[in-house]
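Trainee: mmCIF, C-alpha atoms and all ligand atoms, saved as data.cif, coming up:
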data_run
loop_
_atom_site.label_atom_id
_atom_site.label_comp_id
_atom_site.auth_asym_id
_atom_site.auth_seq_id
_atom_site.Cartn_x
_atom_site.Cartn_y
_atom_site.Cartn_z
CA MET A 1166 0.00 0.00 0.00
CA THR A 1167 1.30 3.45 -0.95
CA MET A 1168 0.49 6.61 1.05
CA ASN A 1169 0.51 10.10 -0.45
CA SER A 1170 -0.80 13.49 0.43
CA ALA A 1171 -2.12 16.55 -1.40
CA ARG A 1172 -4.42 19.39 -0.48
CA ILE A 1173 -7.07 18.58 -3.05
CA ALA A 1174 -8.06 15.31 -4.70
CA ILE A 1175 -10.10 15.60 -7.88
CA ILE A 1176 -11.91 12.34 -8.55
CA GLY A 1177 -12.45 11.94 -12.29
CA GLY A 1178 -10.40 13.05 -15.28
CA GLY A 1179 -13.30 14.03 -17.54
CA LEU A 1180 -13.94 17.61 -18.60
CA SER A 1181 -15.04 18.82 -15.15
CA GLY A 1182 -12.05 17.28 -13.34
CA LEU A 1183 -9.47 18.54 -15.81
CA TYR A 1184 -11.07 21.96 -15.95
CA ALA A 1185 -11.01 22.17 -12.13
CA ALA A 1186 -7.28 21.30 -12.18
CA TYR A 1187 -6.72 23.92 -14.89
CA ALA A 1188 -8.61 26.55 -12.86
CA LEU A 1189 -6.62 25.71 -9.71
CA LYS A 1190 -3.37 25.92 -11.64
CA GLN A 1191 -4.36 29.28 -13.12
CA GLN A 1192 -4.67 30.54 -9.56
CA GLY A 1193 -1.22 29.24 -8.71
CA ILE A 1194 -2.53 26.24 -6.75
CA ASP A 1195 -0.45 23.21 -7.55
CA ASP A 1196 -1.12 20.90 -4.64
CA TYR A 1197 -3.80 18.73 -6.19
CA VAL A 1198 -4.07 15.27 -7.72
CA VAL A 1199 -6.51 14.09 -10.39
CA LEU A 1200 -7.48 10.43 -9.90
CA GLU A 1201 -9.00 8.84 -13.00
CA ALA A 1202 -10.29 5.26 -13.04
CA ARG A 1203 -10.00 4.69 -16.78
CA ASN A 1204 -6.63 4.40 -18.49
CA VAL A 1205 -7.48 7.39 -20.66
CA LEU A 1206 -8.69 10.87 -19.78
CA GLY A 1207 -11.89 12.45 -21.09
CA GLY A 1208 -14.67 10.42 -19.46
CA ARG A 1209 -17.74 10.81 -21.65
CA ILE A 1210 -15.61 12.63 -24.24
CA VAL A 1211 -14.23 10.06 -26.68
CA SER A 1212 -13.02 10.94 -30.19
CA VAL A 1213 -11.74 8.18 -32.45
CA GLN A 1214 -9.92 8.25 -35.75
CA THR A 1215 -10.30 6.08 -38.80
CA HIS A 1216 -7.13 4.23 -37.84
CA ASP A 1217 -8.90 3.71 -34.51
CA THR A 1218 -6.54 5.48 -32.18
CA MET A 1219 -7.65 8.04 -29.64
CA ALA A 1220 -7.47 11.60 -30.91
CA PHE A 1221 -5.47 12.88 -27.98
CA GLU A 1222 -2.94 14.65 -30.19
CA PRO A 1223 -3.55 18.12 -31.56
CA PRO A 1224 -4.95 18.20 -35.08
CA SER A 1225 -2.09 19.18 -37.35
CA SER A 1226 -2.98 17.36 -40.55
CA ILE A 1227 -6.15 16.39 -42.35
CA LEU A 1228 -5.80 12.83 -41.05
CA GLU A 1229 -5.60 13.95 -37.44
CA ARG A 1230 -8.54 16.27 -37.96
CA GLU A 1231 -10.58 13.23 -38.99
CA SER A 1232 -11.87 12.41 -35.54
CA PHE A 1233 -15.34 11.15 -34.79
CA ASP A 1234 -17.10 11.85 -31.52
CA LEU A 1235 -18.54 8.78 -29.84
CA GLY A 1236 -19.54 10.98 -26.91
CA PRO A 1237 -20.54 14.65 -27.18
CA SER A 1238 -20.46 16.29 -30.62
CA TRP A 1239 -21.73 19.83 -30.08
CA PHE A 1240 -21.55 22.93 -28.04
CA TRP A 1241 -23.54 26.16 -28.41
CA PRO A 1242 -21.30 29.25 -28.12
CA ASP A 1243 -24.27 31.60 -28.47
CA TYR A 1244 -25.69 30.60 -25.12
CA GLN A 1245 -22.76 28.89 -23.41
CA PRO A 1246 -20.34 31.84 -23.08
CA GLN A 1247 -18.17 30.27 -20.35
CA LEU A 1248 -17.41 27.19 -22.43
CA HIS A 1249 -17.02 29.37 -25.52
CA ARG A 1250 -14.39 31.47 -23.72
CA LEU A 1251 -12.50 28.33 -22.73
CA VAL A 1252 -12.53 27.02 -26.31
CA GLN A 1253 -11.12 30.37 -27.46
CA GLU A 1254 -8.58 30.51 -24.63
CA LEU A 1255 -7.33 27.05 -25.61
CA GLU A 1256 -7.14 28.23 -29.24
CA LEU A 1257 -9.35 25.44 -30.54
CA ALA A 1258 -10.98 25.84 -33.94
CA TYR A 1259 -14.66 25.01 -34.37
CA TYR A 1260 -17.20 24.90 -37.14
CA GLU A 1261 -20.93 24.73 -37.62
CA GLN A 1262 -22.80 21.43 -37.79
CA TYR A 1263 -23.68 20.72 -41.45
CA GLU A 1264 -27.44 21.06 -41.89
CA SER A 1265 -27.93 22.31 -45.49
CA GLY A 1266 -30.46 20.43 -47.59
CA HIS A 1267 -33.41 18.19 -46.95
CA MET A 1268 -33.82 15.90 -44.02
CA LEU A 1269 -35.30 12.41 -44.29
CA LEU A 1270 -38.21 11.05 -42.33
CA GLU A 1271 -38.94 7.31 -42.13
CA GLN A 1272 -42.42 6.81 -40.75
CA HIS A 1273 -43.30 3.17 -41.41
CA ALA A 1274 -41.46 -0.08 -42.11
CA GLY A 1275 -41.61 -0.97 -45.80
CA MET A 1276 -42.32 2.63 -46.87
CA PRO A 1277 -39.59 4.76 -48.48
CA PRO A 1278 -38.35 7.71 -46.40
CA VAL A 1279 -39.77 11.13 -47.20
CA ALA A 1280 -37.50 14.12 -47.87
CA MET A 1281 -38.67 17.28 -46.18
CA SER A 1282 -37.31 20.73 -45.46
CA GLY A 1283 -34.59 20.49 -42.89
CA TYR A 1284 -34.34 22.83 -40.00
CA ASP A 1285 -31.32 24.76 -38.85
CA SER A 1286 -30.46 24.49 -35.19
CA SER A 1287 -30.88 27.80 -33.48
CA PRO A 1288 -28.60 28.73 -31.86
CA ALA A 1289 -26.13 26.95 -34.16
CA SER A 1290 -24.55 23.72 -32.95
CA MET A 1291 -20.77 23.79 -33.22
CA ARG A 1292 -18.24 20.98 -33.56
CA ILE A 1293 -14.64 21.22 -32.47
CA GLU A 1294 -11.92 20.57 -35.01
CA GLY A 1295 -10.15 17.35 -34.07
CA GLY A 1296 -13.22 16.22 -32.11
CA MET A 1297 -14.21 17.04 -28.53
CA ALA A 1298 -11.10 15.20 -27.32
CA ALA A 1299 -9.15 18.23 -28.55
CA LEU A 1300 -10.56 20.01 -25.47
CA ILE A 1301 -9.17 17.29 -23.20
CA THR A 1302 -5.79 17.30 -24.95
CA ALA A 1303 -5.52 21.07 -24.71
CA LEU A 1304 -6.47 21.15 -21.00
CA SER A 1305 -4.06 18.29 -20.20
CA ARG A 1306 -1.21 20.21 -21.83
CA HIS A 1307 -1.62 22.91 -19.20
CA LEU A 1308 -1.39 20.44 -16.31
CA ASP A 1309 1.64 18.85 -14.76
CA ALA A 1310 1.49 15.20 -15.88
CA GLY A 1311 2.69 14.11 -12.42
CA HIS A 1312 -0.53 15.46 -10.89
CA VAL A 1313 -2.81 13.42 -13.15
CA LYS A 1314 -3.05 9.70 -12.34
CA ALA A 1315 -4.97 7.51 -14.78
CA GLY A 1316 -5.90 3.89 -14.06
CA LEU A 1317 -6.70 4.56 -10.38
CA ALA A 1318 -10.31 3.91 -9.33
CA VAL A 1319 -11.40 5.55 -6.10
CA LYS A 1320 -13.14 3.00 -3.88
CA CYS A 1321 -13.53 4.69 -0.52
CA LEU A 1322 -13.51 8.14 1.08
CA SER A 1323 -13.21 8.36 4.85
CA VAL A 1324 -13.00 11.32 7.19
CA GLU A 1325 -10.02 10.85 9.48
CA ARG A 1326 -9.37 13.69 11.90
CA GLN A 1327 -9.36 16.86 9.77
CA LYS A 1328 -8.42 14.96 6.58
CA VAL A 1329 -10.12 12.80 4.00
CA ALA A 1330 -8.42 9.49 3.17
CA VAL A 1331 -9.01 8.65 -0.50
CA THR A 1332 -8.47 4.95 -1.16
CA CYS A 1333 -7.82 4.00 -4.81
CA GLU A 1334 -7.11 0.76 -6.56
CA ASP A 1335 -5.28 0.11 -9.83
CA SER A 1336 -6.07 -2.71 -12.26
CA PHE A 1337 -3.68 -5.07 -10.40
CA GLY A 1338 -5.54 -4.52 -7.15
CA GLN A 1339 -2.73 -2.36 -5.69
CA THR A 1340 -4.02 0.18 -3.19
CA THR A 1341 -2.93 3.80 -2.90
CA ILE A 1342 -4.23 6.17 -0.23
CA TRP A 1343 -4.21 9.95 -0.64
CA ASN A 1344 -4.70 12.07 2.47
CA VAL A 1345 -6.22 15.36 1.43
CA ASP A 1346 -8.02 18.39 2.86
CA HIS A 1347 -10.79 18.47 0.30
CA VAL A 1348 -12.24 16.26 -2.45
CA LEU A 1349 -13.76 17.53 -5.68
CA LEU A 1350 -16.10 14.85 -7.01
CA ALA A 1351 -15.75 15.14 -10.80
CA LEU A 1352 -17.78 12.01 -11.52
CA PRO A 1353 -21.56 11.82 -12.00
CA PRO A 1354 -23.45 12.13 -8.67
CA ARG A 1355 -25.20 8.78 -9.14
CA LEU A 1356 -21.88 7.04 -9.69
CA ALA A 1357 -20.35 8.77 -6.66
CA ALA A 1358 -23.25 7.69 -4.44
CA THR A 1359 -23.38 4.10 -5.66
CA SER A 1360 -19.78 3.14 -6.42
CA ILE A 1361 -17.79 4.88 -3.67
CA THR A 1362 -17.98 3.91 0.00
CA PHE A 1363 -18.24 6.94 2.30
CA VAL A 1364 -17.08 6.47 5.91
CA PRO A 1365 -19.02 7.71 7.80
CA LYS A 1366 -22.06 7.53 5.51
CA LEU A 1367 -23.21 10.65 3.68
CA PRO A 1368 -26.32 12.30 5.10
CA GLY A 1369 -29.33 10.34 3.77
CA GLU A 1370 -30.83 13.26 1.85
CA VAL A 1371 -27.51 13.84 0.06
CA SER A 1372 -26.92 10.24 -0.98
CA ARG A 1373 -30.58 9.83 -2.00
CA SER A 1374 -30.54 12.96 -4.15
CA TRP A 1375 -27.26 11.97 -5.80
CA GLU A 1376 -28.49 8.45 -6.50
CA ALA A 1377 -31.72 9.81 -7.95
CA THR A 1378 -29.86 12.05 -10.43
CA SER A 1379 -29.69 10.29 -13.77
CA THR A 1380 -26.41 10.55 -15.66
CA TRP A 1381 -26.97 12.38 -18.91
CA MET A 1382 -26.66 10.15 -22.00
CA ALA A 1383 -25.50 7.14 -19.95
CA PRO A 1384 -28.29 4.92 -21.39
CA HIS A 1385 -27.43 5.78 -25.00
CA ALA A 1386 -25.45 4.28 -27.85
CA LYS A 1387 -24.01 5.83 -31.01
CA TYR A 1388 -23.27 4.25 -34.41
CA PHE A 1389 -20.94 5.85 -36.99
CA ALA A 1390 -20.43 5.00 -40.66
CA VAL A 1391 -17.47 6.70 -42.36
CA TYR A 1392 -17.34 7.08 -46.17
CA ASP A 1393 -14.84 8.51 -48.59
CA LYS A 1394 -17.11 11.52 -49.25
CA PRO A 1395 -20.47 12.81 -47.94
CA PHE A 1396 -22.31 11.42 -51.00
CA TRP A 1397 -25.79 12.37 -49.65
CA ARG A 1398 -24.98 16.06 -50.03
CA ASN A 1399 -24.93 15.63 -53.86
CA GLN A 1400 -28.54 14.47 -53.56
CA GLY A 1401 -29.50 17.65 -51.71
CA LEU A 1402 -29.65 15.85 -48.37
CA SER A 1403 -28.30 17.26 -45.13
CA GLY A 1404 -27.59 13.86 -43.58
CA GLN A 1405 -30.17 14.63 -40.90
CA ALA A 1406 -32.87 12.01 -40.52
CA ARG A 1407 -35.54 10.80 -38.12
CA SER A 1408 -36.91 7.29 -38.13
CA ARG A 1409 -39.75 5.51 -36.37
CA VAL A 1410 -38.46 2.21 -37.77
CA GLY A 1411 -34.91 2.25 -36.44
CA PRO A 1412 -32.70 1.00 -35.04
CA MET A 1413 -31.48 4.62 -35.14
CA GLY A 1414 -34.07 7.20 -34.17
CA GLU A 1415 -32.02 10.28 -35.04
CA ILE A 1416 -29.23 10.58 -37.62
CA HIS A 1417 -26.81 13.45 -38.31
CA ASP A 1418 -24.00 14.36 -40.66
CA ALA A 1419 -20.65 13.88 -38.90
CA SER A 1420 -18.40 14.59 -41.90
CA ILE A 1421 -15.04 16.30 -41.63
CA PRO A 1422 -14.93 19.57 -43.61
CA GLY A 1423 -12.87 18.85 -46.75
CA GLY A 1424 -12.38 15.24 -45.61
CA LYS A 1425 -14.25 12.02 -45.02
CA GLY A 1426 -18.01 11.80 -45.09
CA ALA A 1427 -19.71 10.35 -42.01
CA LEU A 1428 -23.19 9.75 -40.68
CA PHE A 1429 -23.94 8.96 -37.07
CA GLY A 1430 -27.09 7.97 -35.27
CA PHE A 1431 -28.39 7.53 -31.75
CA LEU A 1432 -29.89 4.08 -31.30
CA GLY A 1433 -33.56 4.09 -30.40
CA ILE A 1434 -33.39 0.55 -28.98
CA PRO A 1435 -33.45 0.65 -25.15
CA ALA A 1436 -30.25 -0.30 -23.34
CA THR A 1437 -31.81 -3.42 -21.79
CA THR A 1438 -32.85 -4.73 -25.22
CA ARG A 1439 -29.46 -3.91 -26.77
CA ARG A 1440 -27.86 -6.29 -24.28
CA ASN A 1441 -29.50 -9.22 -26.10
CA ILE A 1442 -28.14 -8.20 -29.51
CA SER A 1443 -24.48 -8.51 -30.50
CA GLU A 1444 -22.54 -5.45 -31.58
CA ASN A 1445 -22.12 -6.94 -35.08
CA GLN A 1446 -25.86 -7.50 -35.40
CA LEU A 1447 -26.53 -3.92 -34.31
CA LYS A 1448 -24.02 -2.60 -36.84
CA ASP A 1449 -25.67 -4.70 -39.58
CA LEU A 1450 -29.07 -3.26 -38.65
CA CYS A 1451 -27.75 0.32 -38.60
CA ARG A 1452 -26.01 -0.11 -41.97
CA ALA A 1453 -29.20 -1.59 -43.45
CA GLN A 1454 -31.09 1.47 -42.21
CA LEU A 1455 -28.59 3.83 -43.85
CA ILE A 1456 -28.96 1.93 -47.16
CA ARG A 1457 -32.76 2.11 -46.84
CA MET A 1458 -32.67 5.83 -46.17
CA PHE A 1459 -29.64 7.15 -48.11
CA GLY A 1460 -29.42 4.58 -50.92
CA GLU A 1461 -26.96 1.96 -52.15
CA ALA A 1462 -23.98 4.32 -51.80
CA ALA A 1463 -24.25 3.71 -48.05
CA ILE A 1464 -23.62 -0.01 -48.49
CA LYS A 1465 -19.89 -0.07 -47.79
CA PRO A 1466 -18.63 2.30 -45.12
CA GLU A 1467 -14.84 2.47 -44.92
CA VAL A 1468 -15.06 2.22 -41.14
CA GLU A 1469 -17.83 1.76 -38.60
CA PHE A 1470 -17.77 2.69 -34.92
CA TYR A 1471 -20.22 1.71 -32.24
CA LYS A 1472 -20.24 2.79 -28.61
CA ASP A 1473 -22.77 1.72 -26.01
CA TRP A 1474 -22.40 4.03 -23.01
CA SER A 1475 -24.70 1.90 -20.85
CA LEU A 1476 -21.93 -0.73 -20.73
CA GLU A 1477 -19.37 1.70 -19.32
CA ALA A 1478 -18.92 0.98 -15.62
CA TYR A 1479 -17.32 4.39 -15.01
CA THR A 1480 -20.28 6.20 -16.58
CA ALA A 1481 -23.46 4.17 -16.18
CA THR A 1482 -25.02 2.22 -13.34
CA GLY A 1483 -27.91 -0.27 -13.44
CA LEU A 1484 -30.22 2.65 -12.66
CA ASP A 1485 -29.22 4.34 -15.93
CA LEU A 1486 -30.53 1.55 -18.16
CA ASP A 1487 -33.89 3.23 -18.18
CA ALA A 1488 -33.66 6.49 -20.14
CA SER A 1489 -35.96 9.18 -18.84
CA GLY A 1490 -34.92 11.44 -21.71
CA HIS A 1491 -34.81 14.49 -19.46
CA HIS A 1492 -31.96 16.44 -17.96
CA ALA A 1493 -32.03 15.87 -14.23
CA ILE A 1494 -32.32 18.84 -11.86
CA ALA A 1495 -28.98 19.48 -10.19
CA PRO A 1496 -28.79 17.96 -6.69
CA MET A 1497 -27.03 19.71 -3.81
CA ALA A 1498 -23.29 19.84 -4.47
CA ALA A 1499 -22.12 19.43 -0.87
CA PRO A 1500 -23.46 18.20 2.48
CA ASN A 1501 -24.18 21.15 4.76
CA SER A 1502 -24.16 19.27 8.05
CA GLY A 1503 -22.27 16.41 9.68
CA PRO A 1504 -18.66 15.23 9.27
CA TRP A 1505 -18.63 15.70 5.48
CA THR A 1506 -19.31 19.44 5.70
CA GLU A 1507 -16.62 21.35 3.78
CA LYS A 1508 -14.85 18.10 2.88
CA ILE A 1509 -16.40 17.25 -0.50
CA THR A 1510 -17.92 19.19 -3.41
CA GLY A 1511 -19.66 17.77 -6.48
CA ILE A 1512 -18.39 19.40 -9.68
CA ALA A 1513 -19.40 17.04 -12.51
CA SER A 1514 -21.79 18.28 -15.15
CA GLU A 1515 -24.92 16.95 -13.43
CA TRP A 1516 -24.23 19.35 -10.52
CA SER A 1517 -24.56 22.37 -12.82
CA GLN A 1518 -27.66 24.52 -12.28
CA GLN A 1519 -27.64 26.05 -15.74
CA PHE A 1520 -26.57 23.22 -18.05
CA PRO A 1521 -26.90 19.96 -16.11
CA GLY A 1522 -25.51 17.07 -18.15
CA TYR A 1523 -23.90 19.23 -20.83
CA LEU A 1524 -20.24 20.04 -21.49
CA ALA A 1525 -20.99 23.63 -20.50
CA GLY A 1526 -22.38 22.27 -17.22
CA ALA A 1527 -19.08 20.50 -16.47
CA ILE A 1528 -17.29 23.84 -16.83
CA GLU A 1529 -19.88 25.75 -14.80
CA ALA A 1530 -19.97 23.25 -11.92
CA ALA A 1531 -16.17 22.90 -11.81
CA ALA A 1532 -15.63 26.67 -11.80
CA LEU A 1533 -18.13 27.10 -8.95
CA GLY A 1534 -16.56 24.22 -7.01
CA VAL A 1535 -13.11 25.80 -7.26
CA GLN A 1536 -14.50 29.22 -6.25
CA ALA A 1537 -16.26 27.70 -3.23
CA LEU A 1538 -13.00 26.06 -2.17
CA GLN A 1539 -11.24 29.38 -2.18
CA ARG A 1540 -13.97 31.02 -0.13
CA ARG A 1541 -13.83 28.23 2.43
CA LYS A 1542 -10.08 28.43 2.97
CA LEU A 1543 -8.76 24.98 3.63
CA PRO A 1544 -6.94 24.22 6.89
CA HIS A 1545 -3.57 25.01 5.33
CA GLN A 1546 -4.83 27.87 3.17
CA PHE A 1547 -3.99 28.13 -0.48
CA ASP A 1548 -0.51 29.25 -1.44
CA VAL A 1549 -1.91 32.40 -3.02
CA ASP A 1550 -3.44 33.40 0.31
CA ARG A 1551 -0.22 33.19 2.23
C1 LIG A 1601 -23.27 9.87 -26.35
C2 LIG A 1601 -23.16 11.22 -25.66
C3 LIG A 1601 -23.48 12.36 -26.34
C4 LIG A 1601 -23.38 13.61 -25.70
N1 LIG A 1601 -23.62 14.75 -26.44
C5 LIG A 1601 -23.38 15.95 -25.88
C6 LIG A 1601 -23.37 17.12 -26.69
O1 LIG A 1601 -23.50 17.05 -27.92
N2 LIG A 1601 -23.17 18.32 -26.06
C7 LIG A 1601 -22.96 18.43 -24.71
O2 LIG A 1601 -22.82 19.55 -24.22
N3 LIG A 1601 -22.92 17.31 -23.94
C8 LIG A 1601 -23.11 16.09 -24.49
N4 LIG A 1601 -22.95 14.96 -23.73
C9 LIG A 1601 -22.68 15.11 -22.29
C10 LIG A 1601 -21.18 15.41 -22.01
O3 LIG A 1601 -20.41 14.38 -22.55
C11 LIG A 1601 -20.99 15.50 -20.50
O4 LIG A 1601 -21.74 16.57 -19.98
C12 LIG A 1601 -19.53 15.78 -20.07
O5 LIG A 1601 -18.59 15.08 -20.83
C13 LIG A 1601 -19.43 15.45 -18.59
O6 LIG A 1601 -18.13 15.66 -18.11
P1 LIG A 1601 -17.83 15.35 -16.58
O7 LIG A 1601 -16.38 15.56 -16.36
O8 LIG A 1601 -18.78 16.08 -15.72
O9 LIG A 1601 -18.20 13.80 -16.38
P2 LIG A 1601 -17.52 12.46 -17.10
O10 LIG A 1601 -17.11 12.84 -18.45
O11 LIG A 1601 -18.51 11.41 -16.90
O12 LIG A 1601 -16.23 12.29 -16.22
C14 LIG A 1601 -16.24 11.53 -15.03
C15 LIG A 1601 -14.88 10.85 -14.91
O13 LIG A 1601 -14.82 10.18 -13.66
C16 LIG A 1601 -14.18 8.92 -13.86
N5 LIG A 1601 -14.58 8.03 -12.76
C17 LIG A 1601 -15.77 7.42 -12.56
N6 LIG A 1601 -15.75 6.70 -11.41
C18 LIG A 1601 -14.50 6.87 -10.88
C19 LIG A 1601 -13.85 6.40 -9.70
N7 LIG A 1601 -14.49 5.59 -8.82
N8 LIG A 1601 -12.57 6.78 -9.47
C20 LIG A 1601 -11.91 7.62 -10.33
N9 LIG A 1601 -12.48 8.09 -11.47
C21 LIG A 1601 -13.77 7.73 -11.73
C22 LIG A 1601 -14.70 8.48 -15.21
O14 LIG A 1601 -13.89 7.48 -15.78
C23 LIG A 1601 -14.68 9.79 -15.98
O15 LIG A 1601 -13.45 10.00 -16.64
C24 LIG A 1601 -23.00 13.69 -24.34
C25 LIG A 1601 -22.68 12.52 -23.65
C26 LIG A 1601 -22.73 11.30 -24.30
C27 LIG A 1601 -22.32 10.04 -23.56
#
Can you turn what I pasted into structure tokens?
Ligand SMILES: Cc1cc2nc3c(=O)[nH]c(=O)nc-3n(C[C@H](O)[C@H](O)[C@H](O)COP(=O)(O)OP(=O)(O)OC[C@H]3O[C@@H](n4cnc5c(N)ncnc54)[C@H](O)[C@@H]3O)c2cc1C

Mentor:
Amino acid sequence: MTMNSARIAIIGGGLSGLYAAYALKQQGIDDYVVLEARNVLGGRIVSVQTHDTMAFEPPSSILERESFDLGPSWFWPDYQPQLHRLVQELELAYYEQYESGHMLLEQHAGMPPVAMSGYDSSPASMRIEGGMAALITALSRHLDAGHVKAGLAVKCLSVERQKVAVTCEDSFGQTTIWNVDHVLLALPPRLAATSITFVPKLPGEVSRSWEATSTWMAPHAKYFAVYDKPFWRNQGLSGQARSRVGPMGEIHDASIPGGKGALFGFLGIPATTRRNISENQLKDLCRAQLIRMFGEAAIKPEVEFYKDWSLEAYTATGLDLDASGHHAIAPMAAPNSGPWTEKITGIASEWSQQFPGYLAGAIEAAALGVQALQRRKLPHQFDVDR
């Protein structure tokens, strides 16, 4: 067993956790550690390339720009100014979601889809060049690699005297304990409440409200088909489609400007039903749907990707198999009585008041969590306060 200490432990290396570390660093606070269970950073942000490697390098060539988002695709700068500012600060390029042309509607099995006027998202949905993972790469570059530990799953938090002992385990079962003053929970509230043991227990109303908060998009799955060119555009189609037949309920253009064509869809089949169908069968069904809707040119994608988020133990729990389809209301971010008072703060996206579940929510909640920490003044005070 290894023992370490830091002032702040950030549990989770998704957008909220890395942004919190970035915000601390910007204020000259270096005594933190990010503990990430997966071997890669990003959490729900996953961008893959046609050669199937993670897009964690900056986009410098057309090939590297060809990243496809298996997690979030869009942000909305017009009404998410805080995230917009971050994207600009990190000097990331972005572009508008392609929506020109007709959309397709498939109403009934056996009936051809109908082309109808498409609609433009308002405000415009934007995609980041190099995929959303470019955000993660850019944030990571600003952090000291020694403060970010991947492959360490937090199992237990316990209050011991004035400190919190954070017990983590790596994939070999090796245990590391971090003694810290404060913990920023950068993992979904439901996951925190159900997968981490708190000693002593959290107040009942806190753990109940965290457990009741569904994790945004955790029940969903995405399918991607990548083609040499976006052939549907020549037919006056936007790539947008809706289907009551499925398996995909909603389809969008995911092409790279000046590069590969791509279509992606959200599966309409519930997570519990998907479990009884193999990934290859699901891909066959999705491809057949694209052929039905976009014609024979869709028959041979160069590459296909499929990601079922309900199978991800560090995102979804059994409670997330049932999709409510709604953004949960943010639960309380910190206990306000008992031994956990001023020891833990929830900063993942679901704790955001304004944009719960969204990327912008991860930034909002993390920024507020870091601000609250400063106001509280930890036992040893921050360096900047000395
Ligand atoms: C398919 C899909 C589509 C989406 N589309 C959009 C979109 O278009 N626009 C948008 O704004 N949002 C979208 N979202 C939501 C967006 O991805 C999230 O809001 C955002 O990524 C949440 O970041 P986070 O850091 O709060 O949480 P996460 O990304 O969930 O990060 C939590 C981290 O904690 C880690 N972790 C979990 N348990 C432990 C543990 N015990 N110990 C240590 N680490 C742990 C996880 O591995 C993970 O890295 C989408 C999500 C999905 C899945």

Trainee: Extract, using all atoms listed in the file, all DNA, RNA and protein residues at most 7 Å from segment 1440-1452 of chain A, discarding same-chain residues fewer than 2 positions from it, and format them as a PyMOL selection string.

Mentor: chain A and resi 1412-1413+1436-1438+1454-1456+1464

Trainee: State, in Å with one decimal place, the distance from atom CA of Leu1206 of chain A to atom CA of Thr1340 of chain A.

Mentor: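 Separating atom CA of Leu1206 of chain A from atom CA of Thr1340 of chain A is a distance of 20.3 Å.
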
Trainee: Hey, which of A:Gly1295, A:Gly1430, A:Gly1369, A:Pro1354 ends up closest to Ile1509 of chain A? Count all atoms listed in the file.

Mentor: A:Pro1354

Trainee: Which residue, A:Ser1170, A:Gln1400, A:Gln1327, A:Thr1332, has the smallest gap to Glu1507 of chain A when you use only C-alpha atoms?

Mentor: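 Nearest candidate to Glu1507 of chain A out of A:Ser1170, A:Gln1400, A:Gln1327, A:Thr1332: A:Gln1327.
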
Trainee: Write as a PyMOL selection string the residues around ligand LIG 1601 (chain A), taking 7 Å as the cut-off and counting all atoms listed in the file.

Mentor: chain A and resi 1176-1182+1200-1203+1206-1210+1235-1240+1317-1320+1351-1353+1356-1357+1360-1361+1381-1383+1385-1387+1474+1479-1480+1512-1515+1522-1527

Trainee: Can I get the selected residues back with C-alpha atoms, as a CSV table (one decimal), keeping the file's coordinate frame?

Mentor:
chain,number,residue,atom,x,y,z
A,1176,ILE,CA,-11.9,12.3,-8.6
A,1177,GLY,CA,-12.4,11.9,-12.3
A,1178,GLY,CA,-10.4,13.0,-15.3
A,1179,GLY,CA,-13.3,14.0,-17.5
A,1180,LEU,CA,-13.9,17.6,-18.6
A,1181,SER,CA,-15.0,18.8,-15.2
A,1182,GLY,CA,-12.0,17.3,-13.3
A,1200,LEU,CA,-7.5,10.4,-9.9
A,1201,GLU,CA,-9.0,8.8,-13.0
A,1202,ALA,CA,-10.3,5.3,-13.0
A,1203,ARG,CA,-10.0,4.7,-16.8
A,1206,LEU,CA,-8.7,10.9,-19.8
A,1207,GLY,CA,-11.9,12.4,-21.1
A,1208,GLY,CA,-14.7,10.4,-19.5
A,1209,ARG,CA,-17.7,10.8,-21.6
A,1210,ILE,CA,-15.6,12.6,-24.2
A,1235,LEU,CA,-18.5,8.8,-29.8
A,1236,GLY,CA,-19.5,11.0,-26.9
A,1237,PRO,CA,-20.5,14.6,-27.2
A,1238,SER,CA,-20.5,16.3,-30.6
A,1239,TRP,CA,-21.7,19.8,-30.1
A,1240,PHE,CA,-21.6,22.9,-28.0
A,1317,LEU,CA,-6.7,4.6,-10.4
A,1318,ALA,CA,-10.3,3.9,-9.3
A,1319,VAL,CA,-11.4,5.6,-6.1
A,1320,LYS,CA,-13.1,3.0,-3.9
A,1351,ALA,CA,-15.8,15.1,-10.8
A,1352,LEU,CA,-17.8,12.0,-11.5
A,1353,PRO,CA,-21.6,11.8,-12.0
A,1356,LEU,CA,-21.9,7.0,-9.7
A,1357,ALA,CA,-20.4,8.8,-6.7
A,1360,SER,CA,-19.8,3.1,-6.4
A,1361,ILE,CA,-17.8,4.9,-3.7
A,1381,TRP,CA,-27.0,12.4,-18.9
A,1382,MET,CA,-26.7,10.2,-22.0
A,1383,ALA,CA,-25.5,7.1,-20.0
A,1385,HIS,CA,-27.4,5.8,-25.0
A,1386,ALA,CA,-25.4,4.3,-27.8
A,1387,LYS,CA,-24.0,5.8,-31.0
A,1474,TRP,CA,-22.4,4.0,-23.0
A,1479,TYR,CA,-17.3,4.4,-15.0
A,1480,THR,CA,-20.3,6.2,-16.6
A,1512,ILE,CA,-18.4,19.4,-9.7
A,1513,ALA,CA,-19.4,17.0,-12.5
A,1514,SER,CA,-21.8,18.3,-15.2
A,1515,GLU,CA,-24.9,17.0,-13.4
A,1522,GLY,CA,-25.5,17.1,-18.2
A,1523,TYR,CA,-23.9,19.2,-20.8
A,1524,LEU,CA,-20.2,20.0,-21.5
A,1525,ALA,CA,-21.0,23.6,-20.5
A,1526,GLY,CA,-22.4,22.3,-17.2
A,1527,ALA,CA,-19.1,20.5,-16.5
